[in-house]
Amino acid sequence: MGELILIRHGETEWSRSGQHTSWTDLPLTELGERQARALVPLLAEREIGLTLVSPYLRARRTAELAGLTAPRETPDLREWDYGAYEGVTTVDIRRTRPDWNLWTDGVAAGPDEHPGESPQEVGARADRILAEVRAAASRLGEADIALVAHSHFLRVLTARYLRLTPASGELFQLATGAVSRLGTEHGKPVVTALNMALPQRLFDAIA
């Protein structure tokens with residue numbers, strides 16, 4: 001296969017404020033839409049044979065503005081279910097749980113429809129996506145595969161791609177509206193690019 005292209009959606013009001021956002025289906029901000037359009041030249045020279053996208057609006061709109069054609073909605077690409085911490089910032093959580101760490105502690109239980117996920121549960125979803133990617137790669141040849149999704153989920157997926165534990169996603173920071181790439185070197189999985197974005201002078205020129 002080619003490379004695995006990871007795209008975190010553009011900015012939303014809650015990504016700007018630091019509020020945990022999983023199932024709350026927020027639109028992109030004006031800046032988020034500009035970030036998504038700025039992906040077009042970054043992806044222009046890539047041969048992308050398949051695009052998988054989270055079902056949430058912020059990811060679907062990012063894929064659309066980035067010029068990715070025929071994206072396939074994939075429920076396993078949804079963000080980490082934050083349970084009771086939906087819409088809550090890390091600063092606020094640590095007022096009552098000073099040592100709280102999402103990557104090792106998971107989240108407090110939420111309502112029945114959104115009970116929250118452990119790092120291991122998110123890792124299992126990432127493993128399913130990687131299995132789907134490997135299956136698709138066998139028919140796509142050297143074409144790339146793009147995943148348009150969310151920060152914490154893509155960080156876990158990066159860790160699992162590198163054969164690390166789900167909690168090792170803590171080591172990778174993914175910016176809104178940025179492109180990262182996963183590939184191989186001498187047959188071993190590696191990160192080939194992280195948080196690629198247009199230079200500011202070119203970004204400023206995007207309407």
# chains A, B, ... in the order shown; residues from 1 in each chain; ligands from 1

call {"tool": "residues_around", "arguments": {"residues": "stretch 9-12 of chain A", "least_positions_apart": "2", "cutoff": "6 Å", "atoms": "only C-alpha atoms", "output": "MDAnalysis selection string"}}
result
chainID A and resid 14:15 28:29 32 35:36 59 62 176:177

call {"tool": "select_by_dssp", "arguments": {"residues": "stretch 52-169 of chain A", "states": "helix (DSSP H, G or I)", "output": "VMD selection string"}}
result
chain A and resid 57 to 65 75 to 77 83 to 85 90 to 96 102 to 105 119 to 140 151 to 161 166 to 169

call {"tool": "closest_atom_pairs", "arguments": {"of": "stretch 44-112 of chain A", "to": "stretch 16-22 of chain A", "cutoff": "9 Å", "atoms": "only C-alpha atoms", "output": "JSON lines"}}
result
{"residue": "A:Tyr56", "atom": "CA", "partner": "A:Ser22", "partner_atom": "CA", "distance": 8.9}
{"residue": "A:Arg78", "atom": "CA", "partner": "A:Ser22", "partner_atom": "CA", "distance": 7.3}
{"residue": "A:Glu79", "atom": "CA", "partner": "A:Ser22", "partner_atom": "CA", "distance": 5.0}
{"residue": "A:Trp80", "atom": "CA", "partner": "A:Ser22", "partner_atom": "CA", "distance": 6.0}
{"residue": "A:Asp81", "atom": "CA", "partner": "A:Ser22", "partner_atom": "CA", "distance": 5.6}
{"residue": "A:Tyr82", "atom": "CA", "partner": "A:Ser22", "partner_atom": "CA", "distance": 6.4}
{"residue": "A:Gly83", "atom": "CA", "partner": "A:Ser22", "partner_atom": "CA", "distance": 8.7}
{"residue": "A:Tyr85", "atom": "CA", "partner": "A:His20", "partner_atom": "CA", "distance": 6.7}
{"residue": "A:Glu86", "atom": "CA", "partner": "A:His20", "partner_atom": "CA", "distance": 5.3}
{"residue": "A:Gly87", "atom": "CA", "partner": "A:Gln19", "partner_atom": "CA", "distance": 4.8}
{"residue": "A:Val88", "atom": "CA", "partner": "A:Gln19", "partner_atom": "CA", "distance": 4.9}
{"residue": "A:Thr89", "atom": "CA", "partner": "A:Gln19", "partner_atom": "CA", "distance": 4.4}
{"residue": "A:Thr90", "atom": "CA", "partner": "A:Gly18", "partner_atom": "CA", "distance": 7.5}
{"residue": "A:Val91", "atom": "CA", "partner": "A:Gly18", "partner_atom": "CA", "distance": 8.9}

call {"tool": "write_last_selection", "arguments": {"atoms": "all heavy atoms", "output": "short mmCIF file (atom, residue, chain, number, x, y, z; two decimals), in the first residue's frame"}}
result
data_model
loop_
_atom_site.label_atom_id
_atom_site.label_comp_id
_atom_site.auth_asym_id
_atom_site.auth_seq_id
_atom_site.Cartn_x
_atom_site.Cartn_y
_atom_site.Cartn_z
N TYR A 56 -19.48 12.07 12.11
CA TYR A 56 -19.83 13.36 12.68
C TYR A 56 -19.61 14.50 11.69
O TYR A 56 -18.68 14.46 10.87
CB TYR A 56 -19.08 13.60 13.97
CG TYR A 56 -19.50 12.66 15.08
CD1 TYR A 56 -18.58 11.84 15.72
CD2 TYR A 56 -20.84 12.56 15.46
CE1 TYR A 56 -18.97 10.96 16.71
CE2 TYR A 56 -21.24 11.69 16.46
CZ TYR A 56 -20.30 10.89 17.08
OH TYR A 56 -20.70 10.02 18.06
N ARG A 78 -15.40 7.20 14.91
CA ARG A 78 -15.92 8.25 15.80
C ARG A 78 -14.92 8.51 16.93
O ARG A 78 -14.06 7.68 17.23
CB ARG A 78 -17.27 7.83 16.36
CG ARG A 78 -17.22 6.65 17.30
CD ARG A 78 -18.61 6.13 17.64
NE ARG A 78 -18.55 5.02 18.60
CZ ARG A 78 -18.34 3.75 18.26
NH1 ARG A 78 -18.12 3.43 16.99
NH2 ARG A 78 -18.31 2.81 19.20
N GLU A 79 -15.08 9.65 17.57
CA GLU A 79 -14.17 10.03 18.65
C GLU A 79 -14.39 9.17 19.89
O GLU A 79 -15.44 8.53 20.05
CB GLU A 79 -14.37 11.53 18.98
CG GLU A 79 -13.46 12.08 20.08
CD GLU A 79 -11.96 11.97 19.81
OE1 GLU A 79 -11.47 10.83 19.72
OE2 GLU A 79 -11.30 13.03 19.74
N TRP A 80 -13.38 9.11 20.74
CA TRP A 80 -13.46 8.47 22.06
C TRP A 80 -14.75 8.91 22.74
O TRP A 80 -15.04 10.11 22.82
CB TRP A 80 -12.25 8.94 22.87
CG TRP A 80 -11.91 8.21 24.12
CD1 TRP A 80 -12.75 7.77 25.10
CD2 TRP A 80 -10.58 7.88 24.56
NE1 TRP A 80 -12.04 7.19 26.12
CE2 TRP A 80 -10.70 7.24 25.81
CE3 TRP A 80 -9.29 8.07 24.03
CZ2 TRP A 80 -9.59 6.79 26.53
CZ3 TRP A 80 -8.21 7.62 24.74
CH2 TRP A 80 -8.34 6.98 25.97
N ASP A 81 -15.53 7.96 23.24
CA ASP A 81 -16.74 8.30 24.00
C ASP A 81 -16.30 8.76 25.39
O ASP A 81 -15.80 7.98 26.18
CB ASP A 81 -17.65 7.08 24.09
CG ASP A 81 -18.99 7.37 24.74
OD1 ASP A 81 -19.06 8.31 25.58
OD2 ASP A 81 -19.97 6.66 24.45
N TYR A 82 -16.51 10.06 25.67
CA TYR A 82 -16.03 10.63 26.92
C TYR A 82 -17.00 10.47 28.09
O TYR A 82 -16.74 10.98 29.19
CB TYR A 82 -15.73 12.12 26.72
CG TYR A 82 -14.65 12.39 25.72
CD1 TYR A 82 -14.89 13.20 24.61
CD2 TYR A 82 -13.38 11.85 25.86
CE1 TYR A 82 -13.89 13.46 23.68
CE2 TYR A 82 -12.37 12.11 24.93
CZ TYR A 82 -12.64 12.91 23.84
OH TYR A 82 -11.66 13.17 22.92
N GLY A 83 -18.14 9.79 27.87
CA GLY A 83 -19.06 9.54 28.97
C GLY A 83 -19.47 10.82 29.67
O GLY A 83 -19.91 11.79 29.05
N TYR A 85 -17.73 13.05 30.85
CA TYR A 85 -16.83 14.18 30.61
C TYR A 85 -17.09 14.89 29.29
O TYR A 85 -16.33 15.79 28.91
CB TYR A 85 -15.38 13.70 30.67
CG TYR A 85 -14.95 13.24 32.05
CD1 TYR A 85 -13.89 12.35 32.22
CD2 TYR A 85 -15.61 13.69 33.19
CE1 TYR A 85 -13.50 11.93 33.48
CE2 TYR A 85 -15.23 13.26 34.45
CZ TYR A 85 -14.17 12.39 34.59
OH TYR A 85 -13.79 11.97 35.84
N GLU A 86 -18.18 14.53 28.61
CA GLU A 86 -18.54 15.23 27.38
C GLU A 86 -18.77 16.71 27.68
O GLU A 86 -19.53 17.08 28.59
CB GLU A 86 -19.81 14.63 26.78
CG GLU A 86 -20.29 15.27 25.50
CD GLU A 86 -19.48 14.86 24.28
OE1 GLU A 86 -18.51 14.08 24.44
OE2 GLU A 86 -19.81 15.31 23.17
N GLY A 87 -18.09 17.57 26.93
CA GLY A 87 -18.24 19.02 27.09
C GLY A 87 -17.47 19.60 28.26
O GLY A 87 -17.57 20.81 28.51
N VAL A 88 -16.67 18.79 28.95
CA VAL A 88 -15.93 19.23 30.13
C VAL A 88 -14.45 19.34 29.77
O VAL A 88 -13.92 18.51 29.03
CB VAL A 88 -16.13 18.25 31.30
CG1 VAL A 88 -15.45 18.77 32.57
CG2 VAL A 88 -17.61 18.00 31.55
N THR A 89 -13.77 20.35 30.29
CA THR A 89 -12.34 20.51 30.03
C THR A 89 -11.51 19.69 31.01
O THR A 89 -11.98 19.33 32.10
CB THR A 89 -11.92 21.98 30.15
OG1 THR A 89 -12.03 22.38 31.52
CG2 THR A 89 -12.76 22.89 29.26
N THR A 90 -10.28 19.42 30.64
CA THR A 90 -9.36 18.72 31.54
C THR A 90 -9.16 19.51 32.83
O THR A 90 -9.10 18.93 33.93
CB THR A 90 -8.02 18.48 30.84
OG1 THR A 90 -8.23 17.62 29.71
CG2 THR A 90 -6.99 17.85 31.77
N VAL A 91 -9.05 20.83 32.71
CA VAL A 91 -8.87 21.68 33.90
C VAL A 91 -10.02 21.46 34.89
O VAL A 91 -9.80 21.30 36.10
CB VAL A 91 -8.76 23.16 33.50
CG1 VAL A 91 -8.83 24.06 34.73
CG2 VAL A 91 -7.46 23.40 32.74
#

call {"tool": "residues_around", "arguments": {"residues": "stretch 191-198 of chain A", "least_positions_apart": "3", "cutoff": "6 Å", "atoms": "only C-alpha atoms", "output": "list in words"}}
result
Ala178, Val179, Ser180, Arg181, Leu182, Gly183 and Phe203 of chain A

call {"tool": "write_last_selection", "arguments": {"atoms": "C-alpha atoms", "output": "short mmCIF file (atom, residue, chain, number, x, y, z; two decimals), in the first residue's frame"}}
result
data_model
loop_
_atom_site.label_atom_id
_atom_site.label_comp_id
_atom_site.auth_asym_id
_atom_site.auth_seq_id
_atom_site.Cartn_x
_atom_site.Cartn_y
_atom_site.Cartn_z
CA ALA A 178 -3.52 19.16 9.98
CA VAL A 179 -2.25 16.17 8.00
CA SER A 180 -0.11 13.37 9.38
CA ARG A 181 1.14 10.26 7.58
CA LEU A 182 1.94 6.72 8.60
CA GLY A 183 4.11 4.49 6.44
CA PHE A 203 -2.99 30.03 4.83
#

call {"tool": "residues_around", "arguments": {"residues": "A:Asp127", "least_positions_apart": "4", "cutoff": "9 Å", "atoms": "only C-alpha atoms", "output": "list of chain:residue names"}}
result
A:Val122, A:Gly123, A:Ala131, A:Glu132, A:Leu157, A:Arg160, A:Tyr161

call {"tool": "write_last_selection", "arguments": {"atoms": "C-alpha atoms", "output": "PDB file, in the first residue's frame"}}
result
ATOM      1  CA  VAL A 122     -10.861   2.699  21.818  1.00  0.00           C
ATOM      2  CA  GLY A 123      -7.802   0.618  20.916  1.00  0.00           C
ATOM      3  CA  ALA A 131      -7.610  -4.328   9.698  1.00  0.00           C
ATOM      4  CA  GLU A 132     -10.003  -2.676   7.238  1.00  0.00           C
ATOM      5  CA  LEU A 157      -4.764   4.568  16.041  1.00  0.00           C
ATOM      6  CA  ARG A 160      -1.659   0.817  17.505  1.00  0.00           C
ATOM      7  CA  TYR A 161      -0.212   1.182  13.989  1.00  0.00           C
TER       8      TYR A 161
END
